[in-house]
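Trainee: Pasting in a structure now, in structure tokens, and then I'll have a few things to ask.
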Amino acid sequence: MVARHIKTPGLVANTATSQKVTDIVKRVIEDIRVNGDKAVRSYSEKFDKWSPPSFKLTEDQIQECISKVPEQTIADIKEAQKNVRKFAEAQRASIKDFEIEIQPGVFLGQRNNPISTAGAYIPGGRYPLLASAHMTILTAKVAGVKHVVACTPPIAGQVPNATVAAAHFAGADEIFLLGGTQAITAMALGTESIKKVDFIAGPGNPFVAEAKRQLFGEIGIDLLAGPTEVLIVADEHADPFTIATDLLSQAEHGPDSPPILITTSEEVGRQTIKFVEQILVNMPTAELAGTSWRDYGEVVVVDSLDEAYELADVYSSEHVQILTQKPREALEKMRNYGSLFLGEKTCVSYGDKCIGTNHVLPTRKAGRYTGGLWVGKYLKTQTYQEVVDGKASGEIGRLCGRCSRAENFEGHARSGDLRAHKYLQDSYSWIDEART
């Protein structure tokens, strides 16, 4: 495969967490572990200039927030959540409990039991990402999680009313105006006022991601998310203006969000570059989008769509958009991605905000080994077994004894021996000696 860059990135993406971030997060976690709410309040004051009498919103406060959100925004939140709920319900229906009788009298099965408590982190910062409420809280509720704690930071000292509304309509049982490492740590460890959860989901800045990484094991997490990524595969029939618009739609997430085009047409590639520069002139978020395009944007020309799909699999980007005459070919040709967006009538922004699939997706090539957040992340697939036939138990006991002794596990073997003795009347010297 011969691939030619007609735009190369100005910088090489750094996937390593800085030591400074690691050290700060470690100190915050240990302080909250020891000092609980006192430490949480201290860091909220330090990082967010936020120290209300209580971080938890009362029902009256939640309703006051909702009353301040425009009616159209409320309607749009509910419409988007309807789509997310419908897709999540279809995912849940696809996950089956089952039981089989693998031989007479021997039953094996599995149950899919929901996690008891989950935390949902809804980022603030540059943008109030209220759609993250749909993706984390609502998906957990469809899975059957009984108690969901939502945390979202204040934005410039103000309550993010639309985010609060989205969290409430998604089904959050408690909503806290609390952000950053202190929010993740409080949910993971529990404090005097914040219940400990079993699992935390949701995107966030490098401090949030690092807190989830350090606390993983004490709690479960969805995934470790890096900067937003978009990759477009385009043939010679694709519209360069559409490509440029869609690349910049994701580049505005931050200054390190790589927008990549792989195309079979050099002309499409060069026209896309031209339109990107023209769109940036009057784009309100041009500072961020333009920085990402300059430093991390790529345009790569390949000889065929098969080569394009092969290269796209190597990139394993979070969002992969297919702008070709036969976009559904990508479903068979590609394996590594967070989510696919097929055809010009579909765009990544639909998935980010409202179409119904989950927007919490793997980045930094993690699409090679995992998918994104879905109902199944909130379920524990747990197995069970029951032997009701004595003869079967004895025969499995004999097998267990032999298998265990092949590994020098004498105690394991004796549990099997005992069943063979009880149900098949096998004799074992260790049983005779132990009972005398």
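By convention in this document, the chains of the structure tokens carry letters A, B, ... by their order, each chain's residues are numbered from 1, and ligands are numbered from 1 in the order they are shown.
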To test your reading of the structure, identify every residue in stretch 181-302 of chain A that backbone DSSP assigns to strand (DSSP E or B), and report it as a VMD selection string.

Mentor: chain A and resid 199 to 201 216 219 to 221 230 to 234 259 to 263 298 to 301

Trainee: Suppose we keep C-alpha atoms; can you now write the selection as a compact mmCIF listing (two decimals), in the first residue's frame?

Mentor:
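What follows is the written file result-v9.txt:
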```txt
# COMPACT_ATOMS: atom_id res chain seq x y z
CA PHE A 199 -18.74 2.04 38.45
CA ILE A 200 -18.05 5.43 36.84
CA ALA A 201 -18.71 6.44 33.24
CA PHE A 216 -9.73 1.64 38.48
CA ILE A 219 -14.31 0.88 41.02
CA GLY A 220 -15.06 -0.13 37.45
CA ILE A 221 -14.82 2.40 34.63
CA VAL A 230 -12.49 11.94 13.55
CA LEU A 231 -11.42 10.11 10.40
CA ILE A 232 -13.22 10.39 7.07
CA VAL A 233 -12.86 7.88 4.24
CA ALA A 234 -13.86 9.52 0.96
CA PRO A 259 -9.12 15.47 12.06
CA ILE A 260 -7.99 13.01 9.35
CA LEU A 261 -9.06 12.45 5.76
CA ILE A 262 -8.16 9.35 3.76
CA THR A 263 -9.24 9.66 0.14
CA GLU A 298 -3.90 14.96 8.01
CA VAL A 299 -4.95 14.37 4.43
CA VAL A 300 -3.79 11.06 2.96
CA VAL A 301 -4.24 9.88 -0.63
```

Trainee: Tell me which protein, DNA and RNA residues are within 12 Å of A:Lys365, counting only C-alpha atoms, leaving out same-chain ones fewer than 3 positions away, and put them as a ChimeraX atom specification.

Mentor: /A:15,224-230,312-319,335-338,361-362,368-371

Trainee: Write down as a VMD selection string the residues belonging to stretch 44-205 of chain A that are assigned helix (DSSP H, G or I) by DSSP computed on the backbone.

Mentor: chain A and resid 44 to 48 59 to 67 71 to 94 131 to 143 161 to 170 180 to 189

Trainee: Residues near A:Tyr378, anyone? I mean within 12 Å using only C-alpha atoms, not counting same-chain ones fewer than 4 positions away, as a PyMOL selection string.

Mentor: chain A and resi 88+91-92+95+112-120+136-148+198-201+220-222+373-374

Trainee: Using only C-alpha atoms, which protein or nucleic acid residues come within 7 Å of A:Ile66? Drop anything in the same chain fewer than 4 positions from it, and give the result as a list in words.

Mentor: Ile62, Asn161 and Ala165 of chain A

Trainee: Please determine, counting only C-alpha atoms, which residue among A:Ile77, A:Leu248, A:Ile102, A:Ala162 has the shortest atom-to-atom distance to A:Pro128.

Mentor: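 Looking only at the distances to A:Pro128, the closest residue turns out to be A:Ala162.
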
Trainee: So what do you get for atom CA of A:Gln103 versus atom CA of A:Ser404, distance-wise?

Mentor: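 Taking atom CA of A:Gln103 and atom CA of A:Ser404, their separation equals 21.2 Å.
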
Trainee: Which neighbours of stretch 16-25 of chain A fall inside 10 Å, counting only C-alpha atoms, when residues of the same chain fewer than 3 positions from it are skipped, and could you give them as a PDB file with C-alpha atoms, in the first residue's frame?

Mentor:
```
ATOM      1  CA  ALA A  13       0.135  13.355  19.234  1.00  0.00           C
ATOM      2  CA  VAL A  28      -6.039  14.802  45.443  1.00  0.00           C
ATOM      3  CA  ILE A  29      -7.117  11.165  45.712  1.00  0.00           C
ATOM      4  CA  GLU A  30      -5.077  10.521  48.839  1.00  0.00           C
ATOM      5  CA  ASP A  31      -6.288  13.724  50.497  1.00  0.00           C
ATOM      6  CA  GLY A 180     -12.883  17.306  38.100  1.00  0.00           C
ATOM      7  CA  THR A 181     -10.730  14.886  40.036  1.00  0.00           C
ATOM      8  CA  GLN A 182     -12.578  15.723  43.240  1.00  0.00           C
ATOM      9  CA  THR A 185     -12.685  10.554  43.654  1.00  0.00           C
ATOM     10  CA  PRO A 206      -6.924  14.765  31.385  1.00  0.00           C
ATOM     11  CA  PHE A 207      -7.385  15.105  35.158  1.00  0.00           C
ATOM     12  CA  VAL A 208     -10.711  13.264  35.032  1.00  0.00           C
ATOM     13  CA  ALA A 209      -9.241  10.531  32.839  1.00  0.00           C
ATOM     14  CA  GLU A 210      -6.221  10.146  35.098  1.00  0.00           C
ATOM     15  CA  ALA A 211      -8.410   9.951  38.213  1.00  0.00           C
ATOM     16  CA  LYS A 212     -10.415   7.146  36.604  1.00  0.00           C
ATOM     17  CA  ARG A 213      -7.176   5.366  35.689  1.00  0.00           C
ATOM     18  CA  GLN A 214      -5.748   5.576  39.202  1.00  0.00           C
ATOM     19  CA  GLY A 226      -8.419  10.861  25.169  1.00  0.00           C
TER      20      GLY A 226
END
```
